[in-house]
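Heads up: the structure comes next, in structure tokens.
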Amino acid sequence: MSSIWAFLGIPPQALFGQLMVGLINGAFYAMLSLGLALIFGMLNIINFAHGALYMMGAFAAYFLLNFFGIGYWPALLLAPLIVGAFGMVIERLFLKQLYGLDHLYGLLLTFGLALILEGVFRELYGSSGLPYAPPPELTGGYNLGFMYLPTYRGWVVVASAIVCIGTWLLIEKTRLGAYLRAATENPALVQAFGINVPAMITLTYGLGVALAAFAGVLAAPIYSVNPLMGSNLIIIVFAVVVIGGMGSILGSVITGFMLGLLEGLTKVFYPEASNTVIFVVMAIVLLIKPQGLFGRAN
Amino acid sequence: MAETVLSANDLQGWYGESHILHGMSFEVRDGEVVTLLGRNGSGKTTTMRAIMGILGKRKGSIQFKGAETIGLPSNAIARLGVAYCPEERGIFASLNVKENLLLPPKVAPGGMSLDEIYEIFPRLRERAGSQGTKLSGGEQQMLAIARILRTGAKFLLLDEPTEGLAPVIVQQIGATIKTLKDKGFTILLVEQNFHFASTLADRHYVVEHGHVVDMISNDALEANKGKLQAYLGV
């Protein structure tokens, strides 16, 4: 066994430690690209505000704690609800006007929205980041022998896996999910069957935004609460969505975790490439399979 | 005379900028099968879409059971008890056969149960787990009709249900429509296959350039054959 590590030239702690970091990043990529895929499928809008809404999730948790004394566990539920509701207002007021127009309009509007939101939060709270402590139950860690596992990081991976699987089950196995899949294909006909499609669109946007906010709360104890936390992440998440295939739910989840791991591995074996490896993969996928690994050609 | 279920009066309809319907007026009475006949492009499908509320712009009047529906969104019209089987069938690729069947929500009590539907269309039971669009054309057409029978809607809009199907399937669909008529459904049918229409319908409206130019009852069909050929011939 030890000869393998000698051959690879790296200690196991470093390898597994980086894999863990990769898995954490992958968890965030998966949750965010899942929301983006949902929104794109139903609204045909590339939601550039997704990173800003993720940031708002973290801020919502911070406000709940510092203004109302509401801790991490309730915030995990409340912050997605609050930010999701905010998203639904945005959809009703602005995005609604853009359906049927070119993707570019939605992209510009949500990009502008992201700039405004991030600008407002940076103006109010600076860009150095605010502390948010993990709940006491999740502090500390376990020595697994081959690596040290901080409890909170393990929790993030488990929580995001649960949320991703739950969302997938909701879409693939329930009646509401069947409406959603059908309305993604042919909204006019689904509405002609008596289903209120505009309300479903609003709810879908709310759900996608709530997923982003949930990820934001999970991220707060790891990365601290920072107005720019979303814009750092969102570019990579868009690469993940392109690789997985626009609009594919399962594809975005699997691709998110895989690319997180790939990034972690690259940090071990060739750290110089770790920031670019995802974009290299994206370029290759676009050349070979332009609709993405899990996307349907249309 | 049976009570009027649907009446259109001076119905105007547009696809984007093009004005397609120029004052359609007709009515369908309870328990009737009524067809819209006419050449391609005369506005039959557009009329169906206008009734269902999925046309961009429409004017005039469409009353369903006495209620004006011209300003309603399509989901509200469906909830009044109108069910639509579109020309392109509209089977969802991302849903399996059973999910396609269960998709349209119930809008009124008294819809058929899944078992009753499977009795009429046994193929759909066999293929319940298949992807909707993996079915043959005939099976897809049956699925498109079957799924609106669950909803409890008693007024059906069937847009060219026999288009592109083999004669044996056409016969089967004809028998199904007859069964539905016997069960008390009211049906507005768009049909190119005139012979097929004449075996089912009570009355025929002839549509030309977006308005009704004639109404012929099925009994008077023989006597009016020459006139009809002039309307429909190329």
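Here, A, B, ... name the chains of the structure tokens in the order displayed, residue numbers run from 1 inside each chain, and ligands are numbered from 1 in the same displayed order.
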
Interface list for chain A, partner chain B, 12 Å threshold, only C-alpha atoms, as number ranges by chain: A: 171-199, 248, 296

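Taking CA of Asp182 in chain B and CA of Tyr118 in chain B as the two end points, the separation is 18.0 Å.
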
Nearby residues (only C-alpha atoms) at most 10 Å from range 67-74 of chain A, same-chain spacing under 3 positions excluded, as a ChimeraX atom specification: /A:61-64,77-79,132-136,217-218,220-221

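Using only C-alpha atoms, the nearest neighbour of Arg153 in chain A within the list A:Val242, A:Leu138, A:Leu124, A:Leu286 is A:Leu138.
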
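Once Ile117 in chain B and its same-chain neighbours fewer than 5 positions away are set aside, Leu101, Gly111, Met112, Pro122, Leu124, Arg125, Leu143, Ile145, Ala146, Arg147, Leu149 and Arg150 of chain B remain within 10 Å of it when counting only C-alpha atoms.
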
Every residue of range 151-298 of chain A that DSSP places in alpha helix (DSSP H), as a PyMOL selection string: chain A and resi 151-173+175-185+187-192+197-223+229-244+249-269+277-288

Tell me which protein, DNA and RNA residues are within 9 Å of range 86-93 of chain A, counting only C-alpha atoms, leaving out same-chain ones fewer than 2 positions away, and put them as a PyMOL selection string. chain A and resi 53+81-84+95-97+201-210

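The interatomic distance for the pair CA of Glu163 in chain B and CA of Thr4 in chain B works out to 28.5 Å.
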
Applying 10 Å and only C-alpha atoms, which residues near Asp214 in chain B remain after dropping the ones on its own chain fewer than 2 positions away? List them as a ChimeraX atom specification. /B:26,37,204-208,211-212,216,227-228,231

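Closest to Ser128 in chain A among A:Gly51, A:Pro227, A:Pro80, A:Gly145 is A:Pro227, based on only C-alpha atoms.
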